[in-house]
file protein-v1.txt (compact mmCIF, N, CA, C and O atoms)
# COMPACT_ATOMS: atom_id res chain seq x y z
N ILE A 1 57.00 96.84 -23.02
CA ILE A 1 58.10 96.80 -22.08
C ILE A 1 57.65 97.56 -20.83
O ILE A 1 57.18 98.69 -20.94
N HIS A 2 57.76 96.95 -19.70
CA HIS A 2 57.43 97.50 -18.38
C HIS A 2 55.92 97.74 -18.24
O HIS A 2 55.13 96.84 -18.39
N ASP A 3 55.52 98.99 -17.99
CA ASP A 3 54.15 99.31 -17.63
C ASP A 3 53.35 99.79 -18.85
O ASP A 3 53.37 100.97 -19.20
N VAL A 4 52.65 98.86 -19.52
CA VAL A 4 51.82 99.19 -20.68
C VAL A 4 50.43 98.63 -20.41
O VAL A 4 50.27 97.45 -20.13
N THR A 5 49.42 99.51 -20.49
CA THR A 5 48.06 99.07 -20.22
C THR A 5 47.12 99.47 -21.36
O THR A 5 47.35 100.46 -22.07
N LEU A 6 46.05 98.69 -21.50
CA LEU A 6 44.97 99.00 -22.42
C LEU A 6 43.79 99.46 -21.60
O LEU A 6 43.43 98.83 -20.60
N VAL A 7 43.19 100.56 -22.01
CA VAL A 7 42.04 101.10 -21.31
C VAL A 7 40.85 100.97 -22.25
O VAL A 7 40.79 101.64 -23.29
N ARG A 8 39.93 100.09 -21.87
CA ARG A 8 38.73 99.86 -22.67
C ARG A 8 37.57 100.62 -22.03
O ARG A 8 37.44 100.62 -20.80
N PRO A 9 36.71 101.25 -22.85
CA PRO A 9 35.58 102.00 -22.28
C PRO A 9 34.74 101.12 -21.37
O PRO A 9 34.40 99.99 -21.71
N GLY A 10 34.45 101.64 -20.19
CA GLY A 10 33.60 100.94 -19.24
C GLY A 10 34.26 99.78 -18.53
O GLY A 10 33.59 99.02 -17.83
N SER A 11 35.57 99.61 -18.69
CA SER A 11 36.28 98.50 -18.05
C SER A 11 37.49 99.01 -17.30
O SER A 11 37.96 100.12 -17.54
N GLN A 12 38.00 98.18 -16.44
CA GLN A 12 39.25 98.49 -15.74
C GLN A 12 40.41 98.34 -16.72
O GLN A 12 40.36 97.50 -17.63
N PRO A 13 41.46 99.14 -16.57
CA PRO A 13 42.65 98.96 -17.41
C PRO A 13 43.22 97.55 -17.25
O PRO A 13 43.17 96.98 -16.16
N VAL A 14 43.75 96.99 -18.34
CA VAL A 14 44.38 95.67 -18.29
C VAL A 14 45.81 95.77 -18.80
O VAL A 14 46.11 96.56 -19.68
N LYS A 15 46.68 94.97 -18.23
CA LYS A 15 48.08 94.95 -18.64
C LYS A 15 48.17 94.39 -20.06
O LYS A 15 47.60 93.36 -20.38
N ALA A 16 48.87 95.09 -20.93
CA ALA A 16 49.08 94.64 -22.30
C ALA A 16 50.13 93.53 -22.33
O ALA A 16 51.05 93.52 -21.52
N THR A 17 49.97 92.62 -23.27
CA THR A 17 50.94 91.55 -23.50
C THR A 17 51.37 91.62 -24.96
O THR A 17 50.73 92.33 -25.76
N PRO A 18 52.41 90.89 -25.36
CA PRO A 18 52.80 90.90 -26.78
C PRO A 18 51.68 90.43 -27.72
O PRO A 18 51.68 90.77 -28.89
N GLN A 19 50.71 89.69 -27.22
CA GLN A 19 49.61 89.21 -28.05
C GLN A 19 48.40 90.13 -28.01
O GLN A 19 47.41 89.87 -28.69
N SER A 20 48.44 91.19 -27.23
CA SER A 20 47.30 92.10 -27.12
C SER A 20 46.99 92.76 -28.46
O SER A 20 47.90 93.04 -29.25
N ILE A 21 45.71 93.01 -28.68
CA ILE A 21 45.27 93.70 -29.89
C ILE A 21 44.58 94.99 -29.45
O ILE A 21 43.64 94.97 -28.65
N LEU A 22 45.06 96.10 -29.98
CA LEU A 22 44.47 97.41 -29.71
C LEU A 22 43.36 97.64 -30.73
O LEU A 22 43.60 97.57 -31.93
N THR A 23 42.15 97.88 -30.24
CA THR A 23 41.02 98.10 -31.15
C THR A 23 40.55 99.55 -31.04
O THR A 23 40.99 100.30 -30.17
N ALA A 24 39.64 99.92 -31.94
CA ALA A 24 39.07 101.27 -31.91
C ALA A 24 38.44 101.52 -30.54
O ALA A 24 37.97 100.60 -29.88
N ASN A 25 38.44 102.76 -30.12
CA ASN A 25 37.86 103.20 -28.84
C ASN A 25 38.65 102.74 -27.62
O ASN A 25 38.16 102.84 -26.51
N GLU A 26 39.85 102.22 -27.79
CA GLU A 26 40.71 101.86 -26.67
C GLU A 26 41.89 102.83 -26.61
O GLU A 26 42.29 103.38 -27.63
N LEU A 27 42.41 103.00 -25.42
CA LEU A 27 43.63 103.78 -25.23
C LEU A 27 44.75 102.84 -24.84
O LEU A 27 44.53 101.86 -24.13
N LEU A 28 45.93 103.14 -25.30
CA LEU A 28 47.13 102.45 -24.85
C LEU A 28 47.91 103.46 -24.02
O LEU A 28 48.15 104.58 -24.49
N LYS A 29 48.25 103.09 -22.79
CA LYS A 29 49.00 103.98 -21.91
C LYS A 29 50.32 103.31 -21.53
O LYS A 29 50.34 102.12 -21.21
N THR A 30 51.38 104.11 -21.57
CA THR A 30 52.67 103.62 -21.13
C THR A 30 53.09 104.40 -19.89
O THR A 30 52.81 105.59 -19.77
N GLY A 31 53.77 103.74 -18.99
CA GLY A 31 54.25 104.37 -17.77
C GLY A 31 55.67 104.87 -17.92
O GLY A 31 56.25 104.87 -19.01
N ARG A 32 56.23 105.25 -16.81
CA ARG A 32 57.61 105.73 -16.75
C ARG A 32 58.56 104.63 -17.20
O ARG A 32 58.38 103.47 -16.82
N GLN A 33 59.53 104.95 -18.03
CA GLN A 33 60.52 104.01 -18.56
C GLN A 33 59.86 102.81 -19.24
O GLN A 33 60.33 101.68 -19.14
N SER A 34 58.74 103.05 -19.92
CA SER A 34 57.99 102.00 -20.59
C SER A 34 57.83 102.34 -22.06
O SER A 34 57.95 103.50 -22.45
N ARG A 35 57.54 101.34 -22.86
CA ARG A 35 57.31 101.58 -24.29
C ARG A 35 56.55 100.40 -24.88
O ARG A 35 56.48 99.33 -24.30
N ALA A 36 55.98 100.65 -26.06
CA ALA A 36 55.22 99.60 -26.75
C ALA A 36 55.47 99.73 -28.25
O ALA A 36 55.74 100.83 -28.75
N GLU A 37 55.38 98.63 -28.94
CA GLU A 37 55.47 98.64 -30.40
C GLU A 37 54.23 97.96 -30.96
O GLU A 37 53.87 96.87 -30.53
N LEU A 38 53.57 98.63 -31.89
CA LEU A 38 52.40 98.08 -32.55
C LEU A 38 52.75 97.81 -34.01
O LEU A 38 53.32 98.67 -34.67
N GLU A 39 52.43 96.62 -34.48
CA GLU A 39 52.65 96.30 -35.90
C GLU A 39 51.29 96.01 -36.52
O GLU A 39 50.52 95.19 -36.02
N PHE A 40 51.00 96.69 -37.61
CA PHE A 40 49.74 96.54 -38.30
C PHE A 40 49.89 95.50 -39.41
O PHE A 40 51.00 95.14 -39.80
N THR A 41 48.78 95.01 -39.92
CA THR A 41 48.82 93.93 -40.92
C THR A 41 49.56 94.33 -42.19
O THR A 41 50.10 93.47 -42.88
N ASP A 42 49.62 95.63 -42.50
CA ASP A 42 50.32 96.08 -43.71
C ASP A 42 51.78 96.45 -43.44
O ASP A 42 52.43 97.08 -44.25
N LYS A 43 52.29 96.08 -42.26
CA LYS A 43 53.67 96.34 -41.83
C LYS A 43 53.92 97.78 -41.40
O LYS A 43 55.06 98.18 -41.20
N THR A 44 52.87 98.58 -41.24
CA THR A 44 53.02 99.88 -40.61
C THR A 44 53.39 99.63 -39.15
O THR A 44 52.88 98.70 -38.53
N ILE A 45 54.27 100.47 -38.61
CA ILE A 45 54.72 100.30 -37.24
C ILE A 45 54.52 101.60 -36.47
O ILE A 45 54.80 102.69 -36.99
N ALA A 46 54.04 101.48 -35.24
CA ALA A 46 53.97 102.62 -34.32
C ALA A 46 54.71 102.22 -33.05
O ALA A 46 54.41 101.18 -32.45
N ARG A 47 55.68 103.01 -32.66
CA ARG A 47 56.41 102.78 -31.41
C ARG A 47 56.03 103.89 -30.45
O ARG A 47 56.25 105.07 -30.73
N ILE A 48 55.47 103.50 -29.32
CA ILE A 48 54.94 104.44 -28.34
C ILE A 48 55.95 104.58 -27.21
O ILE A 48 56.37 103.59 -26.62
N GLY A 49 56.34 105.82 -26.92
CA GLY A 49 57.34 106.08 -25.89
C GLY A 49 56.75 106.10 -24.48
O GLY A 49 55.56 105.90 -24.26
N ALA A 50 57.62 106.36 -23.51
CA ALA A 50 57.24 106.40 -22.09
C ALA A 50 56.25 107.53 -21.82
O ALA A 50 56.24 108.56 -22.52
N ASN A 51 55.41 107.33 -20.81
CA ASN A 51 54.44 108.33 -20.35
C ASN A 51 53.54 108.84 -21.48
O ASN A 51 53.33 110.04 -21.63
N SER A 52 53.05 107.91 -22.29
CA SER A 52 52.23 108.27 -23.45
C SER A 52 50.80 107.77 -23.30
O SER A 52 50.54 106.76 -22.64
N VAL A 53 49.89 108.49 -23.94
CA VAL A 53 48.49 108.06 -24.08
C VAL A 53 48.19 108.12 -25.57
O VAL A 53 48.28 109.18 -26.20
N PHE A 54 47.82 106.97 -26.14
CA PHE A 54 47.74 106.77 -27.59
C PHE A 54 46.46 106.04 -27.93
O PHE A 54 46.04 105.13 -27.21
N SER A 55 45.84 106.42 -29.04
CA SER A 55 44.70 105.65 -29.56
C SER A 55 44.78 105.65 -31.08
O SER A 55 45.49 106.46 -31.69
N PHE A 56 44.00 104.74 -31.70
CA PHE A 56 44.08 104.54 -33.14
C PHE A 56 42.71 104.16 -33.68
O PHE A 56 42.02 103.34 -33.08
N LYS A 57 42.32 104.78 -34.79
CA LYS A 57 41.08 104.42 -35.47
C LYS A 57 41.45 103.72 -36.77
O LYS A 57 41.90 104.37 -37.73
N PRO A 58 41.32 102.40 -36.84
CA PRO A 58 41.76 101.67 -38.03
C PRO A 58 41.02 102.05 -39.31
O PRO A 58 41.61 102.08 -40.38
N SER A 59 39.75 102.40 -39.22
CA SER A 59 38.98 102.70 -40.43
C SER A 59 39.50 103.93 -41.16
O SER A 59 39.51 103.98 -42.38
N SER A 60 39.97 104.93 -40.42
CA SER A 60 40.49 106.15 -41.04
C SER A 60 42.00 106.30 -40.88
O SER A 60 42.56 107.27 -41.36
N ARG A 61 42.64 105.33 -40.21
CA ARG A 61 44.08 105.36 -39.94
C ARG A 61 44.48 106.65 -39.22
O ARG A 61 45.49 107.26 -39.51
N ASP A 62 43.64 107.07 -38.26
CA ASP A 62 43.90 108.24 -37.44
C ASP A 62 44.55 107.81 -36.14
O ASP A 62 44.04 106.94 -35.45
N ILE A 63 45.66 108.45 -35.82
CA ILE A 63 46.34 108.25 -34.54
C ILE A 63 46.10 109.49 -33.70
O ILE A 63 46.23 110.62 -34.19
N SER A 64 45.75 109.28 -32.45
CA SER A 64 45.60 110.38 -31.51
C SER A 64 46.65 110.20 -30.43
O SER A 64 46.71 109.16 -29.78
N LEU A 65 47.48 111.20 -30.26
CA LEU A 65 48.51 111.19 -29.22
C LEU A 65 48.15 112.28 -28.22
O LEU A 65 48.35 113.46 -28.48
N GLN A 66 47.59 111.87 -27.09
CA GLN A 66 47.19 112.84 -26.07
C GLN A 66 48.39 113.37 -25.30
O GLN A 66 48.41 114.52 -24.89
N SER A 67 49.38 112.50 -25.08
CA SER A 67 50.60 112.91 -24.40
C SER A 67 51.68 111.89 -24.72
O SER A 67 51.40 110.77 -25.12
N GLY A 68 52.94 112.31 -24.58
CA GLY A 68 54.06 111.40 -24.82
C GLY A 68 54.60 111.50 -26.22
O GLY A 68 54.57 112.56 -26.84
N SER A 69 55.07 110.36 -26.74
CA SER A 69 55.71 110.36 -28.06
C SER A 69 55.36 109.10 -28.83
O SER A 69 55.06 108.05 -28.26
N VAL A 70 55.42 109.23 -30.16
CA VAL A 70 55.20 108.10 -31.05
C VAL A 70 56.11 108.23 -32.27
O VAL A 70 56.30 109.34 -32.79
N LEU A 71 56.70 107.13 -32.65
CA LEU A 71 57.39 107.02 -33.93
C LEU A 71 56.43 106.26 -34.82
O LEU A 71 55.97 105.17 -34.46
N PHE A 72 56.08 106.81 -35.97
CA PHE A 72 55.13 106.20 -36.89
C PHE A 72 55.84 105.96 -38.21
O PHE A 72 56.37 106.88 -38.81
N HIS A 73 55.86 104.70 -38.64
CA HIS A 73 56.49 104.35 -39.92
C HIS A 73 55.46 103.68 -40.80
O HIS A 73 54.90 102.64 -40.45
N SER A 74 55.20 104.29 -41.95
CA SER A 74 54.27 103.73 -42.92
C SER A 74 55.04 103.43 -44.21
O SER A 74 55.57 104.34 -44.84
N PRO A 75 55.12 102.14 -44.61
CA PRO A 75 55.82 101.82 -45.85
C PRO A 75 55.17 102.50 -47.05
O PRO A 75 53.96 102.69 -47.09
N THR A 76 55.97 102.85 -48.04
CA THR A 76 55.47 103.48 -49.25
C THR A 76 54.37 102.64 -49.88
O THR A 76 54.50 101.43 -49.99
N GLY A 77 53.29 103.31 -50.25
CA GLY A 77 52.18 102.64 -50.92
C GLY A 77 51.22 101.91 -50.02
O GLY A 77 50.31 101.23 -50.49
N LYS A 78 51.36 102.04 -48.71
CA LYS A 78 50.50 101.31 -47.78
C LYS A 78 49.37 102.17 -47.19
O LYS A 78 48.66 101.71 -46.33
N GLY A 79 49.24 103.39 -47.61
CA GLY A 79 48.09 104.18 -47.17
C GLY A 79 48.37 105.27 -46.16
O GLY A 79 47.57 106.15 -45.98
N GLY A 80 49.50 105.22 -45.48
CA GLY A 80 49.84 106.27 -44.53
C GLY A 80 48.85 106.39 -43.40
O GLY A 80 48.23 105.42 -42.99
N GLY A 81 48.69 107.62 -42.90
CA GLY A 81 47.78 107.87 -41.80
C GLY A 81 47.86 109.32 -41.37
O GLY A 81 48.56 110.12 -41.99
N THR A 82 47.16 109.64 -40.31
CA THR A 82 47.15 110.99 -39.76
C THR A 82 47.47 110.90 -38.27
O THR A 82 46.88 110.08 -37.56
N VAL A 83 48.40 111.71 -37.82
CA VAL A 83 48.76 111.78 -36.41
C VAL A 83 48.24 113.10 -35.86
O VAL A 83 48.56 114.16 -36.40
N ARG A 84 47.43 113.01 -34.81
CA ARG A 84 46.82 114.21 -34.22
C ARG A 84 47.28 114.39 -32.78
O ARG A 84 47.31 113.44 -32.01
N THR A 85 47.62 115.64 -32.45
CA THR A 85 47.87 116.04 -31.06
C THR A 85 46.98 117.24 -30.79
O THR A 85 46.29 117.73 -31.69
N ALA A 86 47.00 117.74 -29.58
CA ALA A 86 46.19 118.92 -29.26
C ALA A 86 46.64 120.14 -30.06
O ALA A 86 45.83 121.01 -30.37
N ALA A 87 47.92 120.21 -30.43
CA ALA A 87 48.46 121.40 -31.09
C ALA A 87 48.65 121.26 -32.59
O ALA A 87 48.73 122.27 -33.30
N ALA A 88 48.73 120.04 -33.12
CA ALA A 88 49.06 119.89 -34.54
C ALA A 88 48.52 118.58 -35.10
O ALA A 88 48.25 117.64 -34.36
N THR A 89 48.39 118.54 -36.42
CA THR A 89 47.99 117.33 -37.14
C THR A 89 48.96 117.15 -38.30
O THR A 89 49.30 118.10 -38.99
N ALA A 90 49.41 115.90 -38.49
CA ALA A 90 50.35 115.61 -39.58
C ALA A 90 49.84 114.43 -40.39
O ALA A 90 49.44 113.41 -39.83
N ALA A 91 49.83 114.58 -41.71
CA ALA A 91 49.49 113.47 -42.60
C ALA A 91 50.77 112.76 -42.98
O ALA A 91 51.79 113.39 -43.28
N VAL A 92 50.73 111.44 -42.95
CA VAL A 92 51.91 110.63 -43.20
C VAL A 92 51.61 109.67 -44.35
O VAL A 92 50.63 108.94 -44.31
N THR A 93 52.46 109.69 -45.38
CA THR A 93 52.32 108.72 -46.47
C THR A 93 53.70 108.22 -46.84
O THR A 93 54.53 108.96 -47.33
N GLY A 94 53.94 106.95 -46.58
CA GLY A 94 55.19 106.33 -46.98
C GLY A 94 56.42 106.96 -46.38
O GLY A 94 57.38 107.24 -47.09
N THR A 95 56.42 107.20 -45.10
CA THR A 95 57.56 107.84 -44.46
C THR A 95 57.61 107.47 -42.98
O THR A 95 56.78 106.72 -42.49
N THR A 96 58.57 108.01 -42.28
CA THR A 96 58.72 107.80 -40.85
C THR A 96 58.75 109.17 -40.17
O THR A 96 59.47 110.06 -40.62
N ILE A 97 57.95 109.33 -39.12
CA ILE A 97 57.98 110.58 -38.35
C ILE A 97 57.99 110.25 -36.87
O ILE A 97 57.57 109.17 -36.47
N ILE A 98 58.47 111.20 -36.10
CA ILE A 98 58.39 111.13 -34.65
C ILE A 98 57.60 112.34 -34.19
O ILE A 98 57.89 113.47 -34.61
N VAL A 99 56.59 112.11 -33.34
CA VAL A 99 55.75 113.18 -32.83
C VAL A 99 55.78 113.11 -31.31
O VAL A 99 55.69 112.03 -30.74
N ALA A 100 55.91 114.28 -30.67
CA ALA A 100 55.86 114.36 -29.22
C ALA A 100 54.79 115.37 -28.82
O ALA A 100 54.68 116.43 -29.45
N ALA A 101 54.02 115.02 -27.80
CA ALA A 101 53.00 115.91 -27.28
C ALA A 101 53.31 116.15 -25.80
O ALA A 101 53.39 115.23 -25.02
N THR A 102 53.51 117.42 -25.47
CA THR A 102 53.84 117.79 -24.10
C THR A 102 52.68 118.58 -23.49
O THR A 102 51.77 119.00 -24.19
N GLU A 103 52.74 118.78 -22.19
CA GLU A 103 51.68 119.51 -21.49
C GLU A 103 51.54 120.92 -22.01
O GLU A 103 50.45 121.47 -22.05
N ASN A 104 52.63 121.55 -22.40
CA ASN A 104 52.61 122.94 -22.84
C ASN A 104 52.56 123.07 -24.35
O ASN A 104 52.73 124.08 -24.90
call {"tool": "encode", "arguments": {"input": "protein-v1.txt", "output": "structure tokens"}}
result
Amino acid sequence: IHDVTLVRPGSQPVKATPQSILTANELLKTGRQSRAELEFTDKTIARIGANSVFSFKPSSRDISLQSGSVLFHSPTGKGGGTVRTAAATAAVTGTTIIVAATEN
């Protein structure tokens, strides 16, 4: 919704579309009053809030939230994941959490 871009290493940022696929080593950035929803093949969902910088490593199911907010929902028995910010790390298994990373 609104201003969502994918930042690929060595490339210019590109506007994300509903068909875009976020791969390892890419960043997803949302602008002011913008948001994105990612659905994984196992029905795990990540909703990225406004003014966020987000990345994901599918092999280890690691989420990195550099700034902004993410709602992460992992269905029970689907493997969960780890959400990392500069200040904290949370392991998620079969639950829903909201994480926010601020400048301070």
call {"tool": "residues_around", "arguments": {"input": "protein-v1.txt", "residues": "Pro9 (chain A)", "least_positions_apart": "4", "cutoff": "7 Å", "atoms": "all atoms listed in the file", "output": "JSON, numbers by chain"}}
result
{"A": [25, 26, 27]}
call {"tool": "write_last_selection", "arguments": {"input": "protein-v1.txt", "atoms": "N, CA, C and O atoms", "output": "short mmCIF file (atom, residue, chain, number, x, y, z; two decimals), in the coordinates of the input"}}
result
data_model
loop_
_atom_site.label_atom_id
_atom_site.label_comp_id
_atom_site.auth_asym_id
_atom_site.auth_seq_id
_atom_site.Cartn_x
_atom_site.Cartn_y
_atom_site.Cartn_z
N ASN A 25 38.44 102.76 -30.12
CA ASN A 25 37.86 103.20 -28.84
C ASN A 25 38.65 102.74 -27.62
O ASN A 25 38.16 102.84 -26.51
N GLU A 26 39.85 102.22 -27.79
CA GLU A 26 40.71 101.86 -26.67
C GLU A 26 41.89 102.83 -26.61
O GLU A 26 42.29 103.38 -27.63
N LEU A 27 42.41 103.00 -25.42
CA LEU A 27 43.63 103.78 -25.23
C LEU A 27 44.75 102.84 -24.84
O LEU A 27 44.53 101.86 -24.13
#
call {"tool": "residues_near_point", "arguments": {"input": "protein-v1.txt", "point": "(46.6, 102.3, -29.1)", "cutoff": "6 Å", "atoms": "all atoms listed in the file", "output": "list in words"}}
result
Leu22, Glu26, Leu27, Leu28, Phe54, Ser55 and Phe56 of chain A
call {"tool": "residues_around", "arguments": {"input": "protein-v1.txt", "residues": "Asp42 (chain A)", "least_positions_apart": "6", "cutoff": "8 Å", "atoms": "all atoms listed in the file", "output": "list in words"}}
result
His73, Ser74, Pro75, Thr76, Gly77, Lys78 and Gly79 of chain A
call {"tool": "write_last_selection", "arguments": {"input": "protein-v1.txt", "atoms": "N, CA, C and O atoms", "output": "tab-separated table (two decimals), keeping the file's coordinate frame"}}
result
chain	number	residue	atom	x	y	z
A	73	HIS	N	55.86	104.70	-38.64
A	73	HIS	CA	56.49	104.35	-39.92
A	73	HIS	C	55.46	103.68	-40.80
A	73	HIS	O	54.90	102.64	-40.45
A	74	SER	N	55.20	104.29	-41.95
A	74	SER	CA	54.27	103.73	-42.92
A	74	SER	C	55.04	103.43	-44.21
A	74	SER	O	55.57	104.34	-44.84
A	75	PRO	N	55.12	102.14	-44.61
A	75	PRO	CA	55.82	101.82	-45.85
A	75	PRO	C	55.17	102.50	-47.05
A	75	PRO	O	53.96	102.69	-47.09
A	76	THR	N	55.97	102.85	-48.04
A	76	THR	CA	55.47	103.48	-49.25
A	76	THR	C	54.37	102.64	-49.88
A	76	THR	O	54.50	101.43	-49.99
A	77	GLY	N	53.29	103.31	-50.25
A	77	GLY	CA	52.18	102.64	-50.92
A	77	GLY	C	51.22	101.91	-50.02
A	77	GLY	O	50.31	101.23	-50.49
A	78	LYS	N	51.36	102.04	-48.71
A	78	LYS	CA	50.50	101.31	-47.78
A	78	LYS	C	49.37	102.17	-47.19
A	78	LYS	O	48.66	101.71	-46.33
A	79	GLY	N	49.24	103.39	-47.61
A	79	GLY	CA	48.09	104.18	-47.17
A	79	GLY	C	48.37	105.27	-46.16
A	79	GLY	O	47.57	106.15	-45.98
call {"tool": "atom_distance", "arguments": {"input": "protein-v1.txt", "atom1": "atom N of Lys15 (chain A)", "atom2": "atom N of Ser52 (chain A)"}}
result
15.0 Å
call {"tool": "atom_distance", "arguments": {"input": "protein-v1.txt", "atom1": "CA of Leu65 (chain A)", "atom2": "CA of Asp3 (chain A)"}}
result
17.5 Å
call {"tool": "atom_distance", "arguments": {"input": "protein-v1.txt", "atom1": "atom C of Asn51 (chain A)", "atom2": "CA of Ile21 (chain A)"}}
result
19.2 Å
call {"tool": "closest_residue", "arguments": {"input": "protein-v1.txt", "among": "A:Ser64, A:Arg32, A:Leu6, A:Phe72", "to": "Val99 (chain A)", "atoms": "all atoms listed in the file"}}
result
A:Phe72
call {"tool": "closest_residue", "arguments": {"input": "protein-v1.txt", "among": "A:Gly68, A:Pro58, A:Pro18, A:Gly10", "to": "Thr30 (chain A)", "atoms": "all atoms listed in the file"}}
result
A:Gly68
call {"tool": "residues_near_point", "arguments": {"input": "protein-v1.txt", "point": "(57.1, 105.1, -37.4)", "cutoff": "6 Å", "atoms": "only N, CA, C and O atoms", "output": "JSON, numbers by chain"}}
result
{"A": [45, 46, 47, 71, 72, 73, 74, 95, 96, 97]}
call {"tool": "axis_aligned_box", "arguments": {"input": "protein-v1.txt", "around": "region 46-51 of chain A", "padding_each_side": "5 Å", "output": "lines of an AutoDock Vina configuration file"}}
result
center_x = 55.5
center_y = 105.6
center_z = -27.8
size_x = 14.3
size_y = 18.9
size_z = 24.9
call {"tool": "closest_residue", "arguments": {"input": "protein-v1.txt", "among": "A:Ser69, A:Ser60, A:Thr89, A:Asn104", "to": "Glu37 (chain A)", "atoms": "only C-alpha atoms"}}
result
A:Ser69
call {"tool": "residues_around", "arguments": {"input": "protein-v1.txt", "residues": "Ala91 (chain A)", "least_positions_apart": "3", "cutoff": "7 Å", "atoms": "all atoms listed in the file", "output": "CSV table (one decimal) with N, CA, C and O atoms, keeping the file's coordinate frame"}}
result
chain,number,residue,atom,x,y,z
A,80,GLY,N,49.5,105.2,-45.5
A,80,GLY,CA,49.8,106.3,-44.5
A,80,GLY,C,48.8,106.4,-43.4
A,80,GLY,O,48.2,105.4,-43.0
A,81,GLY,N,48.7,107.6,-42.9
A,81,GLY,CA,47.8,107.9,-41.8
A,81,GLY,C,47.9,109.3,-41.4
A,81,GLY,O,48.6,110.1,-42.0
A,82,THR,N,47.2,109.6,-40.3
A,82,THR,CA,47.2,111.0,-39.8
A,82,THR,C,47.5,110.9,-38.3
A,82,THR,O,46.9,110.1,-37.6
A,83,VAL,N,48.4,111.7,-37.8
A,83,VAL,CA,48.8,111.8,-36.4
A,83,VAL,C,48.2,113.1,-35.9
A,83,VAL,O,48.6,114.2,-36.4
call {"tool": "closest_residue", "arguments": {"input": "protein-v1.txt", "among": "A:Ala86, A:Ala16, A:Ile1, A:Ile98", "to": "Ser34 (chain A)", "atoms": "only N, CA, C and O atoms"}}
result
A:Ile1
call {"tool": "build_atoms", "arguments": {"input": "protein-v1.txt", "residues": "region 88-93 of chain A", "atoms": "all heavy atoms", "output": "compact mmCIF listing (two decimals), keeping the file's coordinate frame"}}
result
# COMPACT_ATOMS: atom_id res chain seq x y z
N ALA A 88 48.73 120.04 -33.12
CA ALA A 88 49.06 119.89 -34.54
C ALA A 88 48.52 118.58 -35.10
O ALA A 88 48.25 117.64 -34.36
CB ALA A 88 50.57 119.94 -34.73
N THR A 89 48.39 118.54 -36.42
CA THR A 89 47.99 117.33 -37.14
C THR A 89 48.96 117.15 -38.30
O THR A 89 49.30 118.10 -38.99
CB THR A 89 46.55 117.47 -37.69
OG1 THR A 89 45.67 117.65 -36.59
CG2 THR A 89 46.14 116.25 -38.47
N ALA A 90 49.41 115.90 -38.49
CA ALA A 90 50.35 115.61 -39.58
C ALA A 90 49.84 114.43 -40.39
O ALA A 90 49.44 113.41 -39.83
CB ALA A 90 51.73 115.28 -39.01
N ALA A 91 49.83 114.58 -41.71
CA ALA A 91 49.49 113.47 -42.60
C ALA A 91 50.77 112.76 -42.98
O ALA A 91 51.79 113.39 -43.28
CB ALA A 91 48.79 113.99 -43.84
N VAL A 92 50.73 111.44 -42.95
CA VAL A 92 51.91 110.63 -43.20
C VAL A 92 51.61 109.67 -44.35
O VAL A 92 50.63 108.94 -44.31
CB VAL A 92 52.30 109.81 -41.95
CG1 VAL A 92 53.54 109.00 -42.20
CG2 VAL A 92 52.47 110.72 -40.75
N THR A 93 52.46 109.69 -45.38
CA THR A 93 52.32 108.72 -46.47
C THR A 93 53.70 108.22 -46.84
O THR A 93 54.53 108.96 -47.33
CB THR A 93 51.68 109.36 -47.72
OG1 THR A 93 52.45 110.48 -48.11
CG2 THR A 93 50.26 109.79 -47.46
